[in-house]
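A.B. asks: This one is target-v6.pdb, PDB, C-alpha atoms.
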```
ATOM      1  CA  MET A 222       1.974   5.080   4.379
ATOM      2  CA  PHE A 223       3.313   7.701   6.760
ATOM      3  CA  ARG A 224       3.013  11.329   7.759
ATOM      4  CA  ALA A 225       5.494  13.398   5.782
ATOM      5  CA  ASP A 226       6.728  15.428   8.706
ATOM      6  CA  ALA A 227       9.109  15.038  11.607
ATOM      7  CA  LYS A 228      10.026  17.322  14.498
ATOM      8  CA  GLY A 229       7.378  19.791  13.315
ATOM      9  CA  LYS A 230       8.926  20.100   9.861
ATOM     10  CA  ALA A 231       7.067  19.156   6.649
ATOM     11  CA  LEU A 232       9.239  16.926   4.482
ATOM     12  CA  HIS A 233       9.314  16.111   0.769
ATOM     13  CA  PHE A 234      10.843  12.801  -0.228
ATOM     14  CA  ASP A 235      12.639  11.385  -3.229
ATOM     15  CA  ASN A 236      13.851   7.858  -3.866
ATOM     16  CA  ALA A 237      17.433   7.377  -2.705
ATOM     17  CA  GLY A 238      18.258   3.782  -3.499
ATOM     18  CA  VAL A 239      18.095   0.567  -1.509
ATOM     19  CA  VAL A 240      19.908  -0.300   1.713
ATOM     20  CA  GLY A 241      19.823  -3.856   3.029
ATOM     21  CA  GLY A 242      17.149  -4.840   0.499
ATOM     22  CA  ASN A 243      14.894  -2.040   1.680
ATOM     23  CA  GLU A 244      14.039   1.240  -0.043
ATOM     24  CA  VAL A 245      15.504   4.461   1.244
ATOM     25  CA  PHE A 246      14.116   7.964   0.762
ATOM     26  CA  LYS A 247      15.885  11.288   1.081
ATOM     27  CA  ASP A 248      14.066  14.391   2.232
ATOM     28  CA  ARG A 249      14.641  17.641   0.359
ATOM     29  CA  GLU A 250      14.473  19.822   3.475
ATOM     30  CA  THR A 251      17.297  18.314   5.561
ATOM     31  CA  GLY A 252      18.957  15.804   3.203
ATOM     32  CA  SER A 253      18.384  13.037   5.750
ATOM     33  CA  ARG A 254      17.957   9.495   4.458
ATOM     34  CA  TRP A 255      15.021   7.422   5.727
ATOM     35  CA  GLN A 256      14.528   3.662   5.688
ATOM     36  CA  GLN A 257      11.099   2.559   4.467
ATOM     37  CA  SER A 258      10.607  -0.468   6.745
ATOM     38  CA  SER A 259      11.662   1.173   9.990
ATOM     39  CA  LEU A 260      10.559   4.736   9.049
ATOM     40  CA  GLU A 261      13.743   5.844  10.779
ATOM     41  CA  ALA A 262      16.303   8.365   9.548
ATOM     42  CA  ILE A 263      19.538   6.415   9.149
ATOM     43  CA  GLU A 264      21.716   9.337   8.054
ATOM     44  CA  GLY A 265      21.723  13.140   8.181
ATOM     45  CA  PRO A 266      20.425  15.772  10.616
ATOM     46  CA  MET A 267      17.252  13.770  11.374
ATOM     47  CA  LYS A 268      19.187  10.568  12.174
ATOM     48  CA  GLY A 269      17.383   8.497  14.797
ATOM     49  CA  THR A 270      14.025  10.253  14.236
ATOM     50  CA  HIS A 271      10.989   8.174  13.309
ATOM     51  CA  LEU A 272       8.146   9.019  10.948
ATOM     52  CA  GLU A 273       4.630   8.189  12.054
ATOM     53  CA  LEU A 274       2.447   5.606  10.296
ATOM     54  CA  TYR A 275      -0.783   6.882   8.749
ATOM     55  CA  PRO A 276      -3.879   4.630   8.583
ATOM     56  CA  PHE A 277      -4.499   2.866   5.269
ATOM     57  CA  LEU A 278      -6.124  -0.272   3.904
ATOM     58  CA  LEU A 279      -4.365  -2.694   1.577
ATOM     59  CA  THR A 280      -7.137  -4.447  -0.330
ATOM     60  CA  SER A 281      -8.410  -5.353  -3.784
ATOM     61  CA  TRP A 282      -9.816  -2.819  -6.194
ATOM     62  CA  GLU A 283     -13.123  -4.714  -6.122
ATOM     63  CA  GLU A 284     -13.419  -4.443  -2.335
ATOM     64  CA  TRP A 285     -12.301  -0.791  -2.133
ATOM     65  CA  HIS A 286     -14.762   0.164  -4.891
ATOM     66  CA  ARG A 287     -17.550  -1.747  -3.118
ATOM     67  CA  LEU A 288     -16.818   0.086   0.138
ATOM     68  CA  HIS A 289     -16.377   3.486  -1.533
ATOM     69  CA  PRO A 290     -18.261   3.681  -4.857
ATOM     70  CA  THR A 291     -17.267   7.320  -5.409
ATOM     71  CA  THR A 292     -13.573   6.842  -4.619
ATOM     72  CA  LEU A 293     -10.986   8.866  -6.467
ATOM     73  CA  VAL A 294      -8.178   6.961  -8.166
ATOM     74  CA  LEU A 295      -4.577   8.055  -8.568
ATOM     75  CA  LYS A 296      -4.093   9.078 -12.199
ATOM     76  CA  PRO A 297      -1.159   7.400 -13.913
ATOM     77  CA  LEU A 298       1.367   9.754 -15.492
ATOM     78  CA  PRO A 299       1.696   9.473 -19.295
ATOM     79  CA  GLY A 300       3.216   6.130 -20.244
ATOM     80  CA  TYR A 301       2.826   4.549 -16.813
ATOM     81  CA  ALA A 302      -0.688   3.202 -17.415
ATOM     82  CA  ASP A 303       0.710   0.828 -20.052
ATOM     83  CA  ARG A 304       2.803  -0.945 -17.402
ATOM     84  CA  ILE A 305       0.094  -1.436 -14.764
ATOM     85  CA  ALA A 306      -0.983  -4.914 -15.891
ATOM     86  CA  GLU A 307       2.624  -6.125 -16.001
ATOM     87  CA  LYS A 308       3.335  -4.618 -12.564
ATOM     88  CA  ASN A 309       0.228  -6.277 -11.127
ATOM     89  CA  ARG A 310       1.489  -9.655 -12.350
ATOM     90  CA  GLU A 311       4.834  -9.026 -10.628
ATOM     91  CA  ILE A 312       3.065  -7.981  -7.414
ATOM     92  CA  SER A 313       0.875 -11.062  -7.372
ATOM     93  CA  GLN A 314       4.008 -13.193  -7.939
ATOM     94  CA  ALA A 315       5.755 -11.391  -5.052
ATOM     95  CA  PHE A 316       2.944 -12.483  -2.711
ATOM     96  CA  SER A 317       3.756 -16.168  -3.308
ATOM     97  CA  GLY A 318       6.294 -16.255  -0.444
ATOM     98  CA  GLU A 319       8.937 -18.009  -2.548
ATOM     99  CA  GLY A 320      12.449 -16.842  -3.369
ATOM    100  CA  ALA A 321      15.535 -15.609  -1.565
ATOM    101  CA  ALA A 322      16.060 -12.296   0.197
ATOM    102  CA  PRO A 323      17.945  -9.642  -1.809
ATOM    103  CA  SER A 324      21.689 -10.300  -1.716
ATOM    104  CA  ASP A 325      22.488  -7.147   0.279
ATOM    105  CA  VAL A 326      20.297  -8.171   3.226
ATOM    106  CA  THR A 327      22.704  -8.902   6.069
ATOM    107  CA  TYR A 328      20.308  -9.800   8.894
ATOM    108  CA  HIS A 329      18.693 -13.217   8.733
ATOM    109  CA  ASP A 330      16.007 -14.596  11.017
ATOM    110  CA  ASP A 331      15.318 -18.167   9.943
ATOM    111  CA  ARG A 332      12.066 -18.603  11.820
ATOM    112  CA  LEU A 333      10.223 -17.971   8.535
ATOM    113  CA  LYS A 334      11.242 -18.074   4.864
ATOM    114  CA  PRO A 335      12.649 -14.654   3.862
ATOM    115  CA  LYS A 336       9.910 -13.773   1.390
ATOM    116  CA  THR A 337       6.993 -14.917   3.531
ATOM    117  CA  MET A 338       4.444 -12.102   3.446
ATOM    118  CA  VAL A 339       3.615 -10.954   6.948
ATOM    119  CA  LEU A 340       1.308  -8.345   8.400
ATOM    120  CA  GLY A 341       3.289  -6.644  11.133
ATOM    121  CA  LEU A 342       1.734  -5.059  14.175
ATOM    122  CA  ASP A 343       3.299  -2.872  16.870
ATOM    123  CA  VAL A 344       1.328  -2.296  20.066
ATOM    124  CA  ALA A 345       2.812  -0.540  23.091
ATOM    125  CA  GLY A 346       6.373  -1.467  22.176
ATOM    126  CA  GLU A 347       5.678  -5.098  21.363
ATOM    127  CA  SER A 348       5.762  -6.458  17.801
ATOM    128  CA  MET A 349       4.103  -9.444  16.220
ATOM    129  CA  ALA A 350       4.253 -10.763  12.658
ATOM    130  CA  PHE A 351       1.131 -12.468  11.327
ATOM    131  CA  PRO A 352       2.118 -14.642   8.358
ATOM    132  CA  ARG A 353      -0.354 -14.217   5.532
ATOM    133  CA  ASN A 354      -0.688 -17.979   5.077
ATOM    134  CA  ALA A 355      -1.549 -18.440   8.771
ATOM    135  CA  LEU A 356      -4.225 -15.733   8.484
ATOM    136  CA  GLN A 357      -5.640 -17.372   5.373
ATOM    137  CA  GLN A 358      -6.171 -20.499   7.455
ATOM    138  CA  MET A 359      -7.352 -18.945  10.739
ATOM    139  CA  LYS A 360      -9.160 -15.861   9.374
ATOM    140  CA  VAL A 361      -9.871 -14.340  12.799
ATOM    141  CA  VAL A 362      -7.118 -14.197  15.422
ATOM    142  CA  ASN A 363      -7.597 -13.029  19.005
ATOM    143  CA  GLU A 364      -4.239 -12.153  20.574
ATOM    144  CA  THR A 365      -2.650 -10.126  23.324
ATOM    145  CA  LEU A 366       0.040  -7.678  22.279
ATOM    146  CA  GLY A 367       1.694  -5.044  24.420
ATOM    147  CA  GLY A 368      -0.603  -6.187  27.216
ATOM    148  CA  GLN A 369      -3.700  -5.323  25.173
ATOM    149  CA  PRO A 370      -6.303  -7.531  23.533
ATOM    150  CA  VAL A 371      -6.177  -7.288  19.742
ATOM    151  CA  VAL A 372      -8.056  -8.955  16.916
ATOM    152  CA  VAL A 373      -6.728  -9.529  13.406
ATOM    153  CA  VAL A 374      -9.286 -10.241  10.694
ATOM    154  CA  HIS A 375      -8.536 -11.730   7.286
ATOM    155  CA  GLN A 376     -11.100 -11.730   4.474
ATOM    156  CA  PRO A 377     -10.052 -14.372   1.944
ATOM    157  CA  PRO A 378     -12.059 -13.217  -1.108
ATOM    158  CA  SER A 379     -10.324  -9.836  -1.322
ATOM    159  CA  ASP A 380      -7.142 -10.798   0.574
ATOM    160  CA  THR A 381      -7.810  -7.959   3.015
ATOM    161  CA  THR A 382      -6.493  -7.910   6.582
ATOM    162  CA  THR A 383      -7.593  -5.488   9.302
ATOM    163  CA  ALA A 384      -6.663  -5.215  12.985
ATOM    164  CA  PHE A 385      -8.305  -3.604  16.003
ATOM    165  CA  ALA A 386      -8.026  -3.169  19.736
ATOM    166  CA  ALA A 387     -10.498  -5.840  20.909
ATOM    167  CA  ARG A 388     -12.444  -3.623  23.273
ATOM    168  CA  ALA A 389     -15.691  -1.706  23.091
ATOM    169  CA  ARG A 390     -17.700   0.156  25.696
ATOM    170  CA  GLY A 391     -15.326  -0.937  28.435
ATOM    171  CA  ARG A 392     -15.458  -4.661  27.597
ATOM    172  CA  THR A 393     -12.775  -6.910  26.206
ATOM    173  CA  LEU A 394     -14.179  -8.885  23.306
ATOM    174  CA  THR A 395     -13.327 -12.182  21.623
ATOM    175  CA  PHE A 396     -14.249 -12.470  17.970
ATOM    176  CA  LYS A 397     -15.066 -15.267  15.561
ATOM    177  CA  ALA A 398     -16.030 -15.306  11.895
ATOM    178  CA  ALA A 399     -19.784 -15.328  11.336
ATOM    179  CA  ASN A 400     -19.474 -16.661   7.772
ATOM    180  CA  ALA A 401     -16.910 -18.265   5.455
ATOM    181  CA  ASN A 402     -16.020 -15.025   3.676
ATOM    182  CA  VAL A 403     -15.527 -13.253   7.004
ATOM    183  CA  SER A 404     -17.713 -10.426   5.748
ATOM    184  CA  GLU A 405     -19.210 -10.488   9.251
ATOM    185  CA  LEU A 406     -17.887 -11.257  12.746
ATOM    186  CA  ALA A 407     -19.567 -12.062  16.044
ATOM    187  CA  ASP A 408     -18.225 -11.444  19.517
ATOM    188  CA  GLU A 409     -18.546 -14.244  22.066
ATOM    189  CA  GLU A 410     -19.327 -11.962  25.012
ATOM    190  CA  THR A 411     -22.481 -10.253  23.706
ATOM    191  CA  GLY A 412     -23.245 -12.038  20.415
ATOM    192  CA  SER A 413     -23.156  -8.694  18.609
ATOM    193  CA  ARG A 414     -22.416  -8.690  14.880
ATOM    194  CA  TRP A 415     -19.498  -6.691  13.480
ATOM    195  CA  SER A 416     -18.208  -5.731  10.060
ATOM    196  CA  PRO A 417     -14.587  -6.657   9.300
ATOM    197  CA  TYR A 418     -13.906  -2.902   9.414
ATOM    198  CA  GLY A 419     -14.649  -2.567  13.116
ATOM    199  CA  ASP A 420     -18.270  -1.375  13.082
ATOM    200  CA  CYS A 421     -20.883  -3.086  15.219
ATOM    201  CA  ILE A 422     -23.907  -3.563  12.967
ATOM    202  CA  ALA A 423     -26.310  -5.546  15.161
ATOM    203  CA  GLY A 424     -26.823  -6.752  18.730
ATOM    204  CA  PRO A 425     -26.306  -5.196  22.154
ATOM    205  CA  LEU A 426     -23.210  -3.234  21.053
ATOM    206  CA  LYS A 427     -24.781  -1.903  17.835
ATOM    207  CA  GLY A 428     -23.228   1.434  16.903
ATOM    208  CA  ALA A 429     -19.961   0.765  18.740
ATOM    209  CA  THR A 430     -16.682   0.893  16.834
ATOM    210  CA  LEU A 431     -13.325  -0.747  17.437
ATOM    211  CA  GLU A 432     -10.146   1.306  17.472
ATOM    212  CA  PRO A 433      -8.231   0.445  14.282
ATOM    213  CA  LEU A 434      -4.576  -0.604  14.464
ATOM    214  CA  ILE A 435      -2.221  -0.045  11.537
ATOM    215  CA  LEU A 436      -0.859  -3.246   9.974
ATOM    216  CA  GLU A 437       2.366  -3.107   8.013
ATOM    217  CA  PRO A 438       2.497  -5.549   5.099
ATOM    218  CA  GLU A 439       6.117  -6.631   4.666
ATOM    219  CA  TYR A 440       8.355  -9.440   3.577
ATOM    220  CA  TRP A 441       9.589 -11.374   6.592
ATOM    221  CA  PHE A 442      13.229 -10.448   5.883
ATOM    222  CA  ALA A 443      12.359  -6.740   6.122
ATOM    223  CA  TRP A 444       9.997  -6.948   9.101
ATOM    224  CA  SER A 445      12.387  -9.141  11.129
ATOM    225  CA  GLU A 446      15.382  -6.903  10.423
ATOM    226  CA  PHE A 447      13.692  -3.829  11.875
ATOM    227  CA  HIS A 448      11.681  -5.608  14.597
ATOM    228  CA  ARG A 449      14.322  -7.945  15.980
ATOM    229  CA  ASP A 450      12.301  -8.897  19.057
ATOM    230  CA  THR A 451       9.194  -9.641  17.039
ATOM    231  CA  LYS A 452       6.972 -12.510  17.978
ATOM    232  CA  ILE A 453       5.387 -14.608  15.264
ATOM    233  CA  TYR A 454       1.772 -15.594  15.389
ATOM    234  CA  ALA A 455       1.572 -19.365  14.950
ATOM    235  CA  PRO A 456      -1.780 -21.150  14.922
ATOM    236  CA  TRP A 457      -0.048 -24.511  15.038
ATOM    237  CA  PRO A 458       1.146 -25.942  18.380
TER     238      PRO A 458
ATOM    239  CA  MET B 162       2.309  34.739 -55.711
ATOM    240  CA  MET B 163      -0.680  32.389 -56.115
ATOM    241  CA  ALA B 164       1.500  29.611 -57.415
ATOM    242  CA  LYS B 165       3.456  29.450 -54.225
ATOM    243  CA  HIS B 166       0.474  28.489 -52.067
ATOM    244  CA  PRO B 167       0.136  24.901 -53.257
ATOM    245  CA  ILE B 168       3.841  24.423 -52.689
ATOM    246  CA  VAL B 169       3.646  25.759 -49.134
ATOM    247  CA  LEU B 170       0.558  23.648 -48.464
ATOM    248  CA  SER B 171       2.095  20.501 -49.801
ATOM    249  CA  SER B 172       5.234  20.941 -47.744
ATOM    250  CA  VAL B 173       3.108  21.440 -44.638
ATOM    251  CA  LEU B 174       1.162  18.309 -45.475
ATOM    252  CA  ALA B 175       4.342  16.408 -46.142
ATOM    253  CA  GLY B 176       5.650  17.518 -42.790
ATOM    254  CA  THR B 177       2.513  16.274 -41.087
ATOM    255  CA  LEU B 178       2.732  12.969 -42.899
ATOM    256  CA  LEU B 179       6.375  12.561 -41.980
ATOM    257  CA  ALA B 180       5.554  13.307 -38.351
ATOM    258  CA  ALA B 181       2.753  10.750 -38.461
ATOM    259  CA  VAL B 182       5.053   8.118 -39.967
ATOM    260  CA  ALA B 183       7.715   8.895 -37.371
ATOM    261  CA  GLY B 184       5.074   8.577 -34.646
ATOM    262  CA  ALA B 185       3.970   5.200 -35.947
ATOM    263  CA  GLN B 186       7.562   3.994 -36.049
ATOM    264  CA  GLU B 187       8.135   5.169 -32.481
ATOM    265  CA  ALA B 188       5.012   3.325 -31.357
ATOM    266  CA  ALA B 189       6.201   0.170 -33.140
ATOM    267  CA  THR B 190       9.630   0.470 -31.504
ATOM    268  CA  ALA B 191       8.036   1.102 -28.106
ATOM    269  CA  ALA B 192       6.024  -2.107 -28.403
ATOM    270  CA  LYS B 193       9.224  -4.093 -28.980
ATOM    271  CA  ALA B 194      11.608  -2.402 -26.560
ATOM    272  CA  PRO B 195       9.694  -0.392 -23.933
ATOM    273  CA  VAL B 196      11.017   3.048 -23.131
ATOM    274  CA  LYS B 197      12.441   3.149 -19.623
ATOM    275  CA  LEU B 198      10.194   5.371 -17.541
ATOM    276  CA  PRO B 199      11.831   7.117 -14.611
ATOM    277  CA  TYR B 200      11.427   5.492 -11.188
ATOM    278  CA  ALA B 201      10.764   8.799  -9.480
ATOM    279  CA  ALA B 202       8.579   9.949  -6.608
ATOM    280  CA  VAL B 203       5.370  11.815  -7.479
ATOM    281  CA  HIS B 204       4.978  15.125  -5.664
ATOM    282  CA  ASP B 205       1.800  16.488  -7.251
ATOM    283  CA  PRO B 206      -0.601  13.579  -7.719
ATOM    284  CA  GLN B 207      -3.709  13.977  -9.866
ATOM    285  CA  PHE B 208      -6.881  11.939  -9.426
ATOM    286  CA  ILE B 209      -9.574  10.561 -11.689
ATOM    287  CA  SER B 210     -13.040   9.085 -11.216
ATOM    288  CA  VAL B 211     -13.891   5.381 -11.175
ATOM    289  CA  ALA B 212     -15.341   5.714 -14.695
ATOM    290  CA  GLU B 213     -12.017   7.048 -15.966
ATOM    291  CA  ALA B 214      -9.964   4.349 -14.217
ATOM    292  CA  THR B 215     -10.441   1.835 -17.027
ATOM    293  CA  PHE B 216      -7.074   0.215 -16.283
ATOM    294  CA  MET B 217      -8.322  -1.254 -12.978
ATOM    295  CA  SER B 218      -9.347  -4.917 -12.609
ATOM    296  CA  ALA B 219     -11.186  -6.509  -9.676
ATOM    297  CA  PRO B 220      -8.258  -8.376  -8.039
ATOM    298  CA  ASP B 221      -5.706  -5.550  -8.414
ATOM    299  CA  ARG B 222      -4.104  -4.466  -5.137
ATOM    300  CA  VAL B 223      -4.778  -0.911  -4.016
ATOM    301  CA  ILE B 224      -3.806   1.128  -1.007
ATOM    302  CA  GLY B 225      -6.968   2.858   0.139
ATOM    303  CA  LEU B 226      -7.087   6.003   2.202
ATOM    304  CA  MET B 227      -9.921   7.925   3.829
ATOM    305  CA  ASP B 228      -9.374  11.661   4.096
ATOM    306  CA  GLY B 229     -12.469  12.838   5.916
ATOM    307  CA  GLU B 230     -15.317  11.768   3.641
ATOM    308  CA  THR B 231     -13.077  11.472   0.591
ATOM    309  CA  ALA B 232     -11.881   8.007  -0.405
ATOM    310  CA  LYS B 233      -8.725   7.686  -2.486
ATOM    311  CA  ALA B 234      -7.269   4.572  -4.108
ATOM    312  CA  TYR B 235      -3.585   4.342  -4.952
ATOM    313  CA  PRO B 236      -3.184   1.336  -7.281
ATOM    314  CA  ALA B 237      -0.173  -0.812  -6.414
ATOM    315  CA  GLY B 238       0.549  -1.141 -10.140
ATOM    316  CA  ILE B 239       1.165   2.624 -10.264
ATOM    317  CA  LEU B 240       2.822   3.040  -6.847
ATOM    318  CA  SER B 241       5.353   0.317  -7.648
ATOM    319  CA  GLN B 242       6.493   2.329 -10.674
ATOM    320  CA  HIS B 243       7.284   5.375  -8.535
ATOM    321  CA  GLY B 244       8.267   4.034  -5.118
ATOM    322  CA  LEU B 245       6.637   6.955  -3.358
ATOM    323  CA  VAL B 246       3.706   9.313  -3.911
ATOM    324  CA  GLU B 247       3.221  12.391  -1.756
ATOM    325  CA  ASP B 248      -0.235  13.699  -1.121
ATOM    326  CA  ARG B 249      -2.071  16.181   1.000
ATOM    327  CA  SER B 250      -4.498  15.039   3.684
ATOM    328  CA  ARG B 251      -6.594  17.066   6.097
ATOM    329  CA  SER B 252      -4.074  16.338   8.804
ATOM    330  CA  GLY B 253      -1.028  17.303   6.753
ATOM    331  CA  MET B 254       1.264  15.899   4.099
ATOM    332  CA  ILE B 255       1.507  12.133   3.787
ATOM    333  CA  ALA B 256       3.620   9.761   1.732
ATOM    334  CA  ILE B 257       2.324   6.541   0.218
ATOM    335  CA  THR B 258       4.966   3.947  -0.573
ATOM    336  CA  TRP B 259       5.093   0.533  -2.179
TER     337      TRP B 259
END
```
So that I can check it, write out the structure of this file as structure tokens.
C.D. replies:
Amino acid sequence: MFRADAKGKALHFDNAGVVGGNEVFKDRETGSRWQQSSLEAIEGPMKGTHLELYPFLLTSWEEWHRLHPTTLVLKPLPGYADRIAEKNREISQAFSGEGAAPSDVTYHDDRLKPKTMVLGLDVAGESMAFPRNALQQMKVVNETLGGQPVVVVHQPPSDTTTAFAARARGRTLTFKAANANVSELADEETGSRWSPYGDCIAGPLKGATLEPLILEPEYWFAWSEFHRDTKIYAPWP
Amino acid sequence: MMAKHPIVLSSVLAGTLLAAVAGAQEAATAAKAPVKLPYAAVHDPQFISVAEATFMSAPDRVIGLMDGETAKAYPAGILSQHGLVEDRSRSGMIAITW
């Protein structure tokens, strides 16, 4: 999800095919073509310009509805509702991590299998890919990225991953899961209790919030192509 | 004059029946060979309430967005049929992609 403007100009996008296994959009205002994974204009007057990520949460319907009981839901256009179940099966299959990269992908980084699902994070010019299967095992990861402490939190029941700057009220914090579902965290420094959405709910830091960081869910082949210096989080020595 | 009415009526009815039969045949054909729906970006999204979203199941993936106090869910099963949905937020236009 990104802001639909660049250089002070509001942009409207249409699909414009696939380049290197990655979707491309064309804006109606300048005719520039934009790559989804890098959010960079690859052609046209805006070439070299980047769009800005906008905060979002990739989660399950059950979890989103629990968090926001009065949520609105995008209405399917006529005919499209009939395909939702089929599409959801394809999506769940796509999360398996198996299979080859699309044939037109030219950049290959063999550190992970091409269709490994990763959650990508950029902090102060440094990138790290958190493989979904590593997060499923570790659940809470304390890392340093771009010289800053970060925490990545994975909730297995809803397959939801969130990330934050690991600092509150001037202190750097180290987090651990407070239960198996990771519906609650605790920090080691003060023993305060936190929700997986960055809110301190009990303890000395009660009321504090963590600054959210925007994770980009991607296949490894796409993330690695557009973040060539990326590190990979590996829980195993 | 009067005699013509039943004829007019019956032809109208016949037309309706034919349309209904044609509709049923289309539906039967659609079930066998689905009509290709355009893979096209949505520029004017509409929203419904939870009660109306009967197509949603618990494990379905959604992209959730907070716009001030308003929560919006963009189901992956819809997004993936369009590639991109544009929407308005309090801080300007945004695009949601899958």
A.B. asks: At what distance in Å, to one decimal, does atom CA of Glu213 of chain B lie from atom CA of Arg304 of chain A?
C.D. replies: 16.9 Å
A.B. asks: Show me which bits of chain B are within 8 Å of chain A, counting only C-alpha atoms, as a PyMOL selection string.
C.D. replies: chain B and resi 198+201-202+204+206-211+214+216-227+231-239+241-242+244-245+247+253-258
A.B. asks: Taking only C-alpha atoms into account, which of A:Val239, A:Ala398, A:Ala321, A:Ala384 comes nearest Lys336 of chain A?
C.D. replies: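 Checking each candidate against Lys336 of chain A, we get A:Ala321 as the closest.
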A.B. asks: To verify the selection step, state as a PDB file with C-alpha atoms, keeping the file's coordinate frame which residues the PyMOL selection byres ((chain A and resi 397) around 9) yields on this input.
C.D. replies:
```
ATOM      1  CA  LYS A 360      -9.160 -15.861   9.374  1.00  0.00           C
ATOM      2  CA  VAL A 361      -9.871 -14.340  12.799  1.00  0.00           C
ATOM      3  CA  VAL A 362      -7.118 -14.197  15.422  1.00  0.00           C
ATOM      4  CA  ASN A 363      -7.597 -13.029  19.005  1.00  0.00           C
ATOM      5  CA  THR A 395     -13.327 -12.182  21.623  1.00  0.00           C
ATOM      6  CA  PHE A 396     -14.249 -12.470  17.970  1.00  0.00           C
ATOM      7  CA  ALA A 398     -16.030 -15.306  11.895  1.00  0.00           C
ATOM      8  CA  ALA A 399     -19.784 -15.328  11.336  1.00  0.00           C
ATOM      9  CA  VAL A 403     -15.527 -13.253   7.004  1.00  0.00           C
ATOM     10  CA  GLU A 405     -19.210 -10.488   9.251  1.00  0.00           C
ATOM     11  CA  LEU A 406     -17.887 -11.257  12.746  1.00  0.00           C
ATOM     12  CA  ALA A 407     -19.567 -12.062  16.044  1.00  0.00           C
ATOM     13  CA  ASP A 408     -18.225 -11.444  19.517  1.00  0.00           C
ATOM     14  CA  GLU A 409     -18.546 -14.244  22.066  1.00  0.00           C
TER      15      GLU A 409
END
```
A.B. asks: Would you write out, as a PyMOL selection string, every residue that the PyMOL selection byres ((chain A and resi 424-434) around 9) captures in this file?
C.D. replies: chain A and resi 276+342-344+371+383-390+411-415+418-423+435-436
A.B. asks: Would you write out those residues with C-alpha atoms, as a PDB file, in the frame of the given file?
C.D. replies:
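To be explicit, this is the file written out as selection-v2.pdb:
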```pdb
ATOM      1  CA  PRO A 276      -3.879   4.630   8.583  1.00  0.00           C
ATOM      2  CA  LEU A 342       1.734  -5.059  14.175  1.00  0.00           C
ATOM      3  CA  ASP A 343       3.299  -2.872  16.870  1.00  0.00           C
ATOM      4  CA  VAL A 344       1.328  -2.296  20.066  1.00  0.00           C
ATOM      5  CA  VAL A 371      -6.177  -7.288  19.742  1.00  0.00           C
ATOM      6  CA  THR A 383      -7.593  -5.488   9.302  1.00  0.00           C
ATOM      7  CA  ALA A 384      -6.663  -5.215  12.985  1.00  0.00           C
ATOM      8  CA  PHE A 385      -8.305  -3.604  16.003  1.00  0.00           C
ATOM      9  CA  ALA A 386      -8.026  -3.169  19.736  1.00  0.00           C
ATOM     10  CA  ALA A 387     -10.498  -5.840  20.909  1.00  0.00           C
ATOM     11  CA  ARG A 388     -12.444  -3.623  23.273  1.00  0.00           C
ATOM     12  CA  ALA A 389     -15.691  -1.706  23.091  1.00  0.00           C
ATOM     13  CA  ARG A 390     -17.700   0.156  25.696  1.00  0.00           C
ATOM     14  CA  THR A 411     -22.481 -10.253  23.706  1.00  0.00           C
ATOM     15  CA  GLY A 412     -23.245 -12.038  20.415  1.00  0.00           C
ATOM     16  CA  SER A 413     -23.156  -8.694  18.609  1.00  0.00           C
ATOM     17  CA  ARG A 414     -22.416  -8.690  14.880  1.00  0.00           C
ATOM     18  CA  TRP A 415     -19.498  -6.691  13.480  1.00  0.00           C
ATOM     19  CA  TYR A 418     -13.906  -2.902   9.414  1.00  0.00           C
ATOM     20  CA  GLY A 419     -14.649  -2.567  13.116  1.00  0.00           C
ATOM     21  CA  ASP A 420     -18.270  -1.375  13.082  1.00  0.00           C
ATOM     22  CA  CYS A 421     -20.883  -3.086  15.219  1.00  0.00           C
ATOM     23  CA  ILE A 422     -23.907  -3.563  12.967  1.00  0.00           C
ATOM     24  CA  ALA A 423     -26.310  -5.546  15.161  1.00  0.00           C
ATOM     25  CA  ILE A 435      -2.221  -0.045  11.537  1.00  0.00           C
ATOM     26  CA  LEU A 436      -0.859  -3.246   9.974  1.00  0.00           C
TER      27      LEU A 436
END
```
A.B. asks: The PyMOL selection byres ((chain A and resi 449) around 10) - which residues does that actually catch in the file I just gave you? List them as a PDB file with C-alpha atoms, in the coordinates of the input.
C.D. replies:
```pdb
ATOM      1  CA  TYR A 328      20.308  -9.800   8.894  1.00  0.00           C
ATOM      2  CA  HIS A 329      18.693 -13.217   8.733  1.00  0.00           C
ATOM      3  CA  ASP A 330      16.007 -14.596  11.017  1.00  0.00           C
ATOM      4  CA  SER A 348       5.762  -6.458  17.801  1.00  0.00           C
ATOM      5  CA  TRP A 444       9.997  -6.948   9.101  1.00  0.00           C
ATOM      6  CA  SER A 445      12.387  -9.141  11.129  1.00  0.00           C
ATOM      7  CA  GLU A 446      15.382  -6.903  10.423  1.00  0.00           C
ATOM      8  CA  PHE A 447      13.692  -3.829  11.875  1.00  0.00           C
ATOM      9  CA  HIS A 448      11.681  -5.608  14.597  1.00  0.00           C
ATOM     10  CA  ASP A 450      12.301  -8.897  19.057  1.00  0.00           C
ATOM     11  CA  THR A 451       9.194  -9.641  17.039  1.00  0.00           C
ATOM     12  CA  LYS A 452       6.972 -12.510  17.978  1.00  0.00           C
TER      13      LYS A 452
END
```
A.B. asks: Quick one, how far is atom CA of His375 of chain A from atom CA of Leu356 of chain A?
C.D. replies: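 Atom CA of His375 of chain A sits 6.0 Å away from atom CA of Leu356 of chain A.
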A.B. asks: Hey, can you check how far atom CA of Asn402 of chain A sits from atom CA of Phe316 of chain A?
C.D. replies: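 Interatomic distance here is 20.2 Å.
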A.B. asks: With all atoms of segment 232-236 of chain A from the file as input, state the centre and edge lengths in Å to one decimal of the axis-aligned box that has 5 Å extra on each side, as AutoDock Vina command-line options.
C.D. replies:
```
--center_x 11.5 --center_y 12.4 --center_z 0.3 --size_x 14.6 --size_y 19.1 --size_z 18.3
```
